[in-house]
$ cat work-v7.txt   # compact mmCIF, N, CA and C atoms
# COMPACT_ATOMS: atom_id res chain seq x y z
N MET A 1 115.54 70.91 93.21
CA MET A 1 115.50 70.26 91.92
C MET A 1 115.67 68.74 92.15
N LYS A 2 114.87 67.97 91.49
CA LYS A 2 114.90 66.51 91.67
C LYS A 2 116.13 65.92 90.99
N ASP A 3 116.54 64.77 91.48
CA ASP A 3 117.75 64.12 90.96
C ASP A 3 117.66 63.82 89.46
N HIS A 4 116.49 63.35 89.00
CA HIS A 4 116.37 63.03 87.58
C HIS A 4 116.43 64.28 86.71
N THR A 5 115.94 65.40 87.24
CA THR A 5 116.04 66.67 86.50
C THR A 5 117.49 67.12 86.42
N LYS A 6 118.21 67.02 87.51
CA LYS A 6 119.63 67.37 87.52
C LYS A 6 120.41 66.49 86.55
N ALA A 7 120.11 65.19 86.57
CA ALA A 7 120.82 64.26 85.69
C ALA A 7 120.53 64.59 84.22
N PHE A 8 119.27 64.93 83.91
CA PHE A 8 118.92 65.29 82.55
C PHE A 8 119.67 66.54 82.10
N LEU A 9 119.64 67.57 82.92
CA LEU A 9 120.31 68.82 82.56
C LEU A 9 121.81 68.65 82.43
N LYS A 10 122.40 67.86 83.32
CA LYS A 10 123.84 67.59 83.23
C LYS A 10 124.15 66.86 81.93
N SER A 11 123.35 65.86 81.60
CA SER A 11 123.57 65.10 80.37
C SER A 11 123.42 65.99 79.13
N LEU A 12 122.39 66.82 79.13
CA LEU A 12 122.17 67.71 77.98
C LEU A 12 123.34 68.68 77.82
N TRP A 13 123.79 69.26 78.92
CA TRP A 13 124.93 70.18 78.86
C TRP A 13 126.16 69.45 78.34
N GLN A 14 126.43 68.23 78.85
CA GLN A 14 127.60 67.47 78.42
C GLN A 14 127.53 67.16 76.92
N GLN A 15 126.35 66.80 76.45
CA GLN A 15 126.20 66.49 75.03
C GLN A 15 126.44 67.72 74.15
N ALA A 16 125.87 68.85 74.54
CA ALA A 16 126.07 70.08 73.77
C ALA A 16 127.53 70.51 73.80
N ASP A 17 128.15 70.41 74.95
CA ASP A 17 129.56 70.78 75.08
C ASP A 17 130.44 69.86 74.23
N PHE A 18 130.18 68.57 74.28
CA PHE A 18 130.94 67.62 73.47
C PHE A 18 130.73 67.90 71.98
N LEU A 19 129.46 68.12 71.61
CA LEU A 19 129.15 68.37 70.21
C LEU A 19 129.89 69.60 69.69
N CYS A 20 129.91 70.67 70.47
CA CYS A 20 130.58 71.89 70.03
C CYS A 20 132.07 71.66 69.81
N SER A 21 132.65 70.77 70.58
CA SER A 21 134.08 70.48 70.47
C SER A 21 134.40 69.42 69.41
N HIS A 22 133.39 68.74 68.91
CA HIS A 22 133.61 67.62 67.97
C HIS A 22 132.69 67.70 66.77
N LEU A 23 132.44 68.90 66.28
CA LEU A 23 131.54 69.06 65.14
C LEU A 23 132.12 68.39 63.90
N GLN A 24 131.23 67.74 63.16
CA GLN A 24 131.64 67.06 61.95
C GLN A 24 132.26 68.02 60.94
N SER A 25 131.77 69.25 60.92
CA SER A 25 132.31 70.22 59.96
C SER A 25 133.77 70.53 60.23
N ALA A 26 134.19 70.36 61.48
CA ALA A 26 135.60 70.60 61.81
C ALA A 26 136.45 69.37 61.52
N ARG A 27 135.84 68.19 61.55
CA ARG A 27 136.58 66.94 61.37
C ARG A 27 136.61 66.46 59.92
N MET A 28 135.57 66.78 59.18
CA MET A 28 135.43 66.25 57.83
C MET A 28 135.19 67.40 56.86
N GLY A 29 135.69 67.25 55.66
CA GLY A 29 135.51 68.30 54.67
C GLY A 29 134.35 68.04 53.72
N VAL A 30 133.57 67.00 53.96
CA VAL A 30 132.49 66.64 53.05
C VAL A 30 131.16 67.15 53.61
N PRO A 31 130.59 68.17 52.98
CA PRO A 31 129.31 68.68 53.48
C PRO A 31 128.21 67.62 53.34
N ASN A 32 127.41 67.45 54.38
CA ASN A 32 126.31 66.50 54.32
C ASN A 32 125.24 66.88 55.34
N ASN A 33 124.13 66.17 55.27
CA ASN A 33 123.00 66.49 56.14
C ASN A 33 123.31 66.27 57.61
N GLN A 34 124.23 65.37 57.94
CA GLN A 34 124.58 65.16 59.34
C GLN A 34 125.21 66.41 59.95
N MET A 35 125.99 67.13 59.15
CA MET A 35 126.57 68.39 59.64
C MET A 35 125.47 69.37 60.01
N ILE A 36 124.48 69.48 59.15
CA ILE A 36 123.37 70.40 59.41
C ILE A 36 122.59 69.94 60.64
N ALA A 37 122.42 68.64 60.80
CA ALA A 37 121.71 68.12 61.98
C ALA A 37 122.47 68.44 63.27
N GLU A 38 123.78 68.23 63.27
CA GLU A 38 124.59 68.54 64.46
C GLU A 38 124.49 70.03 64.80
N LEU A 39 124.64 70.86 63.79
CA LEU A 39 124.62 72.30 64.02
C LEU A 39 123.25 72.78 64.49
N THR A 40 122.20 72.20 63.94
CA THR A 40 120.85 72.56 64.37
C THR A 40 120.66 72.19 65.84
N GLY A 41 121.10 71.00 66.23
CA GLY A 41 120.99 70.60 67.62
C GLY A 41 121.73 71.55 68.54
N LEU A 42 122.91 71.94 68.12
CA LEU A 42 123.71 72.87 68.93
C LEU A 42 123.01 74.22 69.06
N VAL A 43 122.41 74.68 67.98
CA VAL A 43 121.75 75.99 67.98
C VAL A 43 120.47 75.97 68.82
N ILE A 44 119.63 74.95 68.68
CA ILE A 44 118.33 75.01 69.34
C ILE A 44 118.38 74.68 70.83
N VAL A 45 119.48 74.10 71.29
CA VAL A 45 119.58 73.90 72.74
C VAL A 45 119.75 75.24 73.46
N CYS A 46 120.24 76.24 72.76
CA CYS A 46 120.55 77.54 73.38
C CYS A 46 119.31 78.32 73.82
N PRO A 47 118.31 78.52 72.98
CA PRO A 47 117.13 79.23 73.49
C PRO A 47 116.32 78.39 74.47
N ALA A 48 116.44 77.07 74.36
CA ALA A 48 115.71 76.21 75.29
C ALA A 48 116.34 76.24 76.69
N PHE A 49 117.66 76.39 76.75
CA PHE A 49 118.39 76.39 78.02
C PHE A 49 119.41 77.54 78.04
N PRO A 50 118.94 78.78 78.05
CA PRO A 50 119.86 79.91 78.02
C PRO A 50 120.72 80.03 79.28
N GLU A 51 120.31 79.33 80.35
CA GLU A 51 121.08 79.41 81.60
C GLU A 51 122.39 78.62 81.53
N PHE A 52 122.55 77.77 80.50
CA PHE A 52 123.81 77.05 80.36
C PHE A 52 124.93 78.06 80.10
N HIS A 53 126.00 77.93 80.84
CA HIS A 53 127.12 78.88 80.80
C HIS A 53 127.63 79.13 79.39
N ASP A 54 127.76 78.09 78.59
CA ASP A 54 128.34 78.21 77.25
C ASP A 54 127.31 78.41 76.15
N SER A 55 126.08 78.65 76.53
CA SER A 55 124.99 78.75 75.56
C SER A 55 125.26 79.78 74.46
N ALA A 56 125.75 80.93 74.81
CA ALA A 56 126.00 81.98 73.81
C ALA A 56 127.08 81.55 72.82
N VAL A 57 128.13 80.89 73.31
CA VAL A 57 129.20 80.41 72.42
C VAL A 57 128.66 79.33 71.49
N TRP A 58 127.87 78.41 72.03
CA TRP A 58 127.28 77.36 71.19
C TRP A 58 126.39 77.97 70.12
N ARG A 59 125.57 78.96 70.50
CA ARG A 59 124.66 79.59 69.55
C ARG A 59 125.43 80.27 68.42
N GLU A 60 126.44 81.07 68.78
CA GLU A 60 127.20 81.80 67.76
C GLU A 60 127.96 80.85 66.85
N THR A 61 128.60 79.85 67.44
CA THR A 61 129.33 78.86 66.64
C THR A 61 128.37 78.12 65.72
N GLY A 62 127.27 77.64 66.28
CA GLY A 62 126.30 76.88 65.50
C GLY A 62 125.69 77.68 64.37
N LEU A 63 125.27 78.91 64.65
CA LEU A 63 124.66 79.73 63.60
C LEU A 63 125.64 80.09 62.50
N ARG A 64 126.87 80.42 62.89
CA ARG A 64 127.88 80.76 61.87
C ARG A 64 128.13 79.57 60.94
N LEU A 65 128.35 78.39 61.53
CA LEU A 65 128.63 77.21 60.71
C LEU A 65 127.39 76.72 59.97
N LEU A 66 126.22 76.89 60.56
CA LEU A 66 124.98 76.48 59.87
C LEU A 66 124.77 77.34 58.63
N ASN A 67 125.03 78.63 58.73
CA ASN A 67 124.95 79.50 57.54
C ASN A 67 125.93 79.04 56.47
N GLU A 68 127.16 78.75 56.88
CA GLU A 68 128.16 78.28 55.92
C GLU A 68 127.71 77.00 55.24
N GLN A 69 127.19 76.07 56.03
CA GLN A 69 126.77 74.79 55.46
C GLN A 69 125.55 74.92 54.56
N ALA A 70 124.62 75.78 54.94
CA ALA A 70 123.44 75.99 54.09
C ALA A 70 123.88 76.53 52.72
N LEU A 71 124.80 77.48 52.72
CA LEU A 71 125.30 78.02 51.45
C LEU A 71 126.06 76.95 50.66
N ALA A 72 126.81 76.11 51.36
CA ALA A 72 127.60 75.08 50.69
C ALA A 72 126.74 73.91 50.20
N GLN A 73 125.62 73.65 50.85
CA GLN A 73 124.88 72.42 50.57
C GLN A 73 123.57 72.60 49.81
N ILE A 74 123.12 73.84 49.66
CA ILE A 74 121.82 74.07 49.02
C ILE A 74 122.01 74.98 47.81
N HIS A 75 121.60 74.47 46.64
CA HIS A 75 121.67 75.27 45.41
C HIS A 75 120.68 76.45 45.51
N PRO A 76 120.91 77.50 44.74
CA PRO A 76 119.99 78.65 44.76
C PRO A 76 118.54 78.29 44.42
N ASP A 77 118.33 77.21 43.64
CA ASP A 77 116.96 76.82 43.30
C ASP A 77 116.30 75.97 44.38
N GLY A 78 117.02 75.71 45.49
CA GLY A 78 116.44 74.96 46.60
C GLY A 78 116.80 73.49 46.65
N VAL A 79 117.43 72.98 45.62
CA VAL A 79 117.82 71.57 45.61
C VAL A 79 119.07 71.40 46.46
N ASN A 80 119.06 70.38 47.32
CA ASN A 80 120.25 70.14 48.13
C ASN A 80 121.29 69.42 47.29
N LYS A 81 122.54 69.66 47.57
CA LYS A 81 123.62 69.12 46.75
C LYS A 81 123.83 67.63 46.95
N GLU A 82 123.18 67.03 47.97
CA GLU A 82 123.24 65.58 48.11
C GLU A 82 122.35 64.90 47.07
N GLN A 83 121.54 65.69 46.37
CA GLN A 83 120.71 65.19 45.28
C GLN A 83 119.81 64.03 45.71
N ALA A 84 119.13 64.22 46.82
CA ALA A 84 118.23 63.19 47.33
C ALA A 84 117.04 63.86 48.01
N MET A 85 115.85 63.48 47.58
CA MET A 85 114.65 64.10 48.12
C MET A 85 114.49 63.82 49.62
N GLY A 86 114.85 62.63 50.07
CA GLY A 86 114.75 62.32 51.49
C GLY A 86 115.64 63.22 52.34
N TYR A 87 116.85 63.46 51.87
CA TYR A 87 117.76 64.35 52.60
C TYR A 87 117.29 65.80 52.52
N LEU A 88 116.72 66.17 51.38
CA LEU A 88 116.19 67.52 51.24
C LEU A 88 115.12 67.76 52.29
N ARG A 89 114.21 66.79 52.45
CA ARG A 89 113.14 66.92 53.44
C ARG A 89 113.72 67.03 54.86
N PHE A 90 114.69 66.18 55.17
CA PHE A 90 115.31 66.18 56.49
C PHE A 90 115.97 67.53 56.79
N VAL A 91 116.74 68.03 55.84
CA VAL A 91 117.43 69.32 56.03
C VAL A 91 116.41 70.46 56.12
N ALA A 92 115.36 70.41 55.32
CA ALA A 92 114.32 71.45 55.40
C ALA A 92 113.67 71.45 56.78
N GLU A 93 113.40 70.28 57.34
CA GLU A 93 112.82 70.20 58.67
C GLU A 93 113.77 70.80 59.72
N LEU A 94 115.05 70.52 59.58
CA LEU A 94 116.03 71.07 60.52
C LEU A 94 116.07 72.59 60.44
N LEU A 95 116.15 73.12 59.22
CA LEU A 95 116.20 74.57 59.05
C LEU A 95 114.91 75.22 59.53
N LEU A 96 113.79 74.53 59.36
CA LEU A 96 112.51 75.07 59.81
C LEU A 96 112.51 75.31 61.32
N MET A 97 113.14 74.42 62.07
CA MET A 97 113.22 74.62 63.52
C MET A 97 114.00 75.88 63.87
N VAL A 98 115.13 76.09 63.19
CA VAL A 98 115.95 77.27 63.47
C VAL A 98 115.20 78.53 63.07
N VAL A 99 114.58 78.53 61.91
CA VAL A 99 113.83 79.69 61.44
C VAL A 99 112.65 79.98 62.38
N ALA A 100 111.99 78.94 62.85
CA ALA A 100 110.86 79.15 63.78
C ALA A 100 111.34 79.80 65.07
N TYR A 101 112.45 79.34 65.62
CA TYR A 101 113.01 79.98 66.81
C TYR A 101 113.38 81.44 66.52
N SER A 102 113.91 81.70 65.33
CA SER A 102 114.28 83.08 64.96
C SER A 102 113.05 83.97 64.88
N ARG A 103 112.01 83.48 64.26
CA ARG A 103 110.80 84.29 64.11
C ARG A 103 110.10 84.54 65.43
N ARG A 104 110.32 83.67 66.40
CA ARG A 104 109.74 83.87 67.73
C ARG A 104 110.63 84.76 68.60
N GLY A 105 111.78 85.18 68.07
CA GLY A 105 112.68 86.06 68.80
C GLY A 105 113.64 85.36 69.72
N ALA A 106 113.68 84.03 69.68
CA ALA A 106 114.57 83.27 70.55
C ALA A 106 115.98 83.13 69.97
N LEU A 107 116.12 83.37 68.70
CA LEU A 107 117.41 83.37 68.01
C LEU A 107 117.46 84.61 67.12
N PRO A 108 118.66 85.05 66.75
CA PRO A 108 118.75 86.20 65.85
C PRO A 108 118.11 85.90 64.49
N ASN A 109 117.57 86.93 63.85
CA ASN A 109 117.04 86.77 62.50
C ASN A 109 118.15 86.28 61.59
N ASN A 110 117.78 85.42 60.67
CA ASN A 110 118.77 84.81 59.81
C ASN A 110 118.24 84.75 58.37
N PRO A 111 118.35 85.85 57.63
CA PRO A 111 117.79 85.90 56.27
C PRO A 111 118.36 84.84 55.34
N ASP A 112 119.64 84.49 55.49
CA ASP A 112 120.24 83.48 54.61
C ASP A 112 119.59 82.12 54.81
N LEU A 113 119.37 81.74 56.06
CA LEU A 113 118.71 80.45 56.32
C LEU A 113 117.26 80.48 55.86
N GLU A 114 116.58 81.60 56.09
CA GLU A 114 115.20 81.71 55.63
C GLU A 114 115.12 81.58 54.11
N HIS A 115 116.05 82.22 53.42
CA HIS A 115 116.07 82.14 51.95
C HIS A 115 116.33 80.71 51.48
N ALA A 116 117.28 80.03 52.12
CA ALA A 116 117.58 78.64 51.75
C ALA A 116 116.36 77.75 52.00
N LEU A 117 115.71 77.92 53.14
CA LEU A 117 114.53 77.12 53.46
C LEU A 117 113.41 77.41 52.47
N GLU A 118 113.19 78.67 52.16
CA GLU A 118 112.15 79.04 51.20
C GLU A 118 112.40 78.37 49.84
N GLY A 119 113.66 78.38 49.41
CA GLY A 119 113.99 77.73 48.14
C GLY A 119 113.72 76.23 48.19
N MET A 120 114.05 75.60 49.31
CA MET A 120 113.81 74.16 49.44
C MET A 120 112.31 73.85 49.41
N LEU A 121 111.53 74.64 50.14
CA LEU A 121 110.08 74.40 50.17
C LEU A 121 109.45 74.69 48.82
N ASP A 122 109.92 75.73 48.13
CA ASP A 122 109.43 76.01 46.77
C ASP A 122 109.74 74.84 45.84
N TYR A 123 110.95 74.30 45.97
CA TYR A 123 111.32 73.16 45.13
C TYR A 123 110.40 71.97 45.38
N VAL A 124 110.12 71.69 46.64
CA VAL A 124 109.22 70.58 46.95
C VAL A 124 107.85 70.84 46.33
N CYS A 125 107.34 72.05 46.46
CA CYS A 125 106.04 72.38 45.85
C CYS A 125 106.05 72.20 44.34
N ARG A 126 107.15 72.61 43.70
CA ARG A 126 107.25 72.46 42.24
C ARG A 126 107.38 71.00 41.82
N SER A 127 107.80 70.14 42.75
CA SER A 127 108.02 68.73 42.45
C SER A 127 106.80 67.85 42.71
N LEU A 128 105.78 68.42 43.33
CA LEU A 128 104.60 67.63 43.67
C LEU A 128 103.90 67.08 42.43
N SER A 129 103.50 65.83 42.51
CA SER A 129 102.70 65.24 41.45
C SER A 129 101.24 65.65 41.66
N PRO A 130 100.38 65.39 40.67
CA PRO A 130 98.95 65.69 40.88
C PRO A 130 98.36 64.94 42.08
N MET A 131 98.97 63.84 42.48
CA MET A 131 98.49 63.06 43.62
C MET A 131 99.03 63.61 44.96
N GLY A 132 99.89 64.62 44.89
CA GLY A 132 100.44 65.21 46.11
C GLY A 132 101.68 64.52 46.63
N THR A 133 102.28 63.66 45.84
CA THR A 133 103.51 62.99 46.25
C THR A 133 104.69 63.64 45.53
N VAL A 134 105.88 63.37 46.04
CA VAL A 134 107.09 63.85 45.37
C VAL A 134 107.91 62.64 44.95
N PRO A 135 108.66 62.78 43.87
CA PRO A 135 109.50 61.65 43.45
C PRO A 135 110.60 61.40 44.47
N MET A 136 110.88 60.16 44.73
CA MET A 136 111.95 59.82 45.68
C MET A 136 113.21 59.50 44.90
N TRP A 137 113.89 60.53 44.43
CA TRP A 137 115.13 60.34 43.69
C TRP A 137 116.31 60.41 44.64
N GLY A 138 117.38 59.79 44.23
CA GLY A 138 118.61 59.81 45.02
C GLY A 138 118.56 58.84 46.18
N ASP A 139 119.50 59.00 47.05
CA ASP A 139 119.62 58.16 48.24
C ASP A 139 118.37 58.32 49.10
N SER A 140 118.03 57.30 49.81
CA SER A 140 116.85 57.34 50.67
C SER A 140 117.26 57.73 52.09
N ALA A 141 116.41 58.46 52.75
CA ALA A 141 116.66 58.85 54.13
C ALA A 141 115.37 58.70 54.92
N SER A 142 115.44 58.07 56.06
CA SER A 142 114.26 57.94 56.88
C SER A 142 114.34 58.84 58.11
N GLY A 143 115.39 59.60 58.24
CA GLY A 143 115.54 60.50 59.38
C GLY A 143 114.50 61.60 59.33
N ARG A 144 114.00 61.96 60.48
CA ARG A 144 113.03 63.03 60.58
C ARG A 144 113.44 63.96 61.70
N ALA A 145 113.27 65.24 61.47
CA ALA A 145 113.52 66.23 62.52
C ALA A 145 112.20 66.62 63.18
N LEU A 146 111.14 66.56 62.43
CA LEU A 146 109.81 66.91 62.94
C LEU A 146 108.88 65.73 62.70
N GLY A 147 107.95 65.55 63.58
CA GLY A 147 106.99 64.45 63.42
C GLY A 147 105.65 64.94 62.91
N LEU A 148 105.65 65.88 61.98
CA LEU A 148 104.40 66.44 61.46
C LEU A 148 103.59 65.35 60.78
N GLY A 149 102.31 65.32 61.04
CA GLY A 149 101.41 64.38 60.39
C GLY A 149 101.45 62.99 60.98
N LYS A 150 102.12 62.81 62.10
CA LYS A 150 102.18 61.47 62.70
C LYS A 150 101.41 61.45 63.98
$ encode --input "work-v7.txt" --output "structure tokens"
Amino acid sequence: MKDHTKAFLKSLWQQADFLCSHLQSARMGVPNNQMIAELTGLVIVCPAFPEFHDSAVWRETGLRLLNEQALAQIHPDGVNKEQAMGYLRFVAELLLMVVAYSRRGALPNNPDLEHALEGMLDYVCRSLSPMGTVPMWGDSASGRALGLGK
């Protein structure tokens, strides 16, 4: 294995290990999109690098807390409780990655996350203008989890 590959894998393992020990959900009581982003990162590193010793612990911790946060942060109609279309899009992109890994068999099936994502996507569809745009209400967010269309 080349030195740069070893350095990359070591860095990735250190970041995932640090993240699992310093999750925002454990430090702060305010649910927000950053919590979902941290948890998504923790979850998706596991199927990508299952050889990491702590991968199973990271996956279980991440999925359990991600389910809790999805229930806490997303209304049944699909609107996120941060009340901002930019954050809704960001969180939907994050959940889409987890659901995609689940549907490919790399993560356990997660009906609660699928239901939350479906509600969010339905809400976006219901919010579309005739021009195909959505209103940008609430706080603005430029964060992206996926680079679709770029």
$ closest_atom_pairs --input "work-v7.txt" --of "region 74-98 of chain A" --to "region 29-46 of chain A" --cutoff "10 Å" --atoms "only C-alpha atoms" --output "Markdown table"
| residue | atom | partner | partner_atom | distance |
| --- | --- | --- | --- | --- |
| A:Asn80 | CA | A:Asn33 | CA | 9.2 |
| A:Lys81 | CA | A:Asn32 | CA | 8.5 |
| A:Glu82 | CA | A:Asn32 | CA | 7.0 |
| A:Tyr87 | CA | A:Asn33 | CA | 6.7 |
| A:Leu88 | CA | A:Asn33 | CA | 8.5 |
| A:Phe90 | CA | A:Asn33 | CA | 7.7 |
| A:Val91 | CA | A:Asn33 | CA | 6.2 |
| A:Ala92 | CA | A:Ile36 | CA | 10.0 |
| A:Glu93 | CA | A:Ala37 | CA | 9.7 |
| A:Leu94 | CA | A:Thr40 | CA | 6.3 |
| A:Leu95 | CA | A:Thr40 | CA | 7.3 |
| A:Leu96 | CA | A:Thr40 | CA | 9.8 |
| A:Met97 | CA | A:Ile44 | CA | 7.8 |
| A:Val98 | CA | A:Ile44 | CA | 6.7 |
$ residues_around --input "work-v7.txt" --residues "Asp112 (chain A)" --least-positions-apart "4" --cutoff "10 Å" --atoms "only C-alpha atoms" --output "list in words"
Leu66, Asn67, Glu68, Ala70, Leu71, Ala116, Leu117 and Glu118 of chain A
$ closest_residue --input "work-v7.txt" --among "A:Val79, A:Cys20, A:Met85, A:Ile74" --to "Gly62 (chain A)" --atoms "only N, CA and C atoms"
A:Cys20
$ closest_residue --input "work-v7.txt" --among "A:Gly86, A:Gly105, A:Pro76, A:Pro135" --to "Gly119 (chain A)" --atoms "only N, CA and C atoms"
A:Pro76
$ atom_distance --input "work-v7.txt" --atom1 "CA of Asp17 (chain A)" --atom2 "CA of Arg89 (chain A)"
27.4 Å
$ closest_residue --input "work-v7.txt" --among "A:Ala7, A:Val134, A:Leu128, A:Leu12" --to "Phe49 (chain A)" --atoms "only C-alpha atoms"
A:Leu12
$ atom_distance --input "work-v7.txt" --atom1 "atom C of Ser102 (chain A)" --atom2 "atom C of His115 (chain A)"
14.2 Å
$ closest_residue --input "work-v7.txt" --among "A:Gly78, A:Asn110, A:Val99, A:Ser55" --to "Tyr123 (chain A)" --atoms "all atoms listed in the file"
A:Gly78
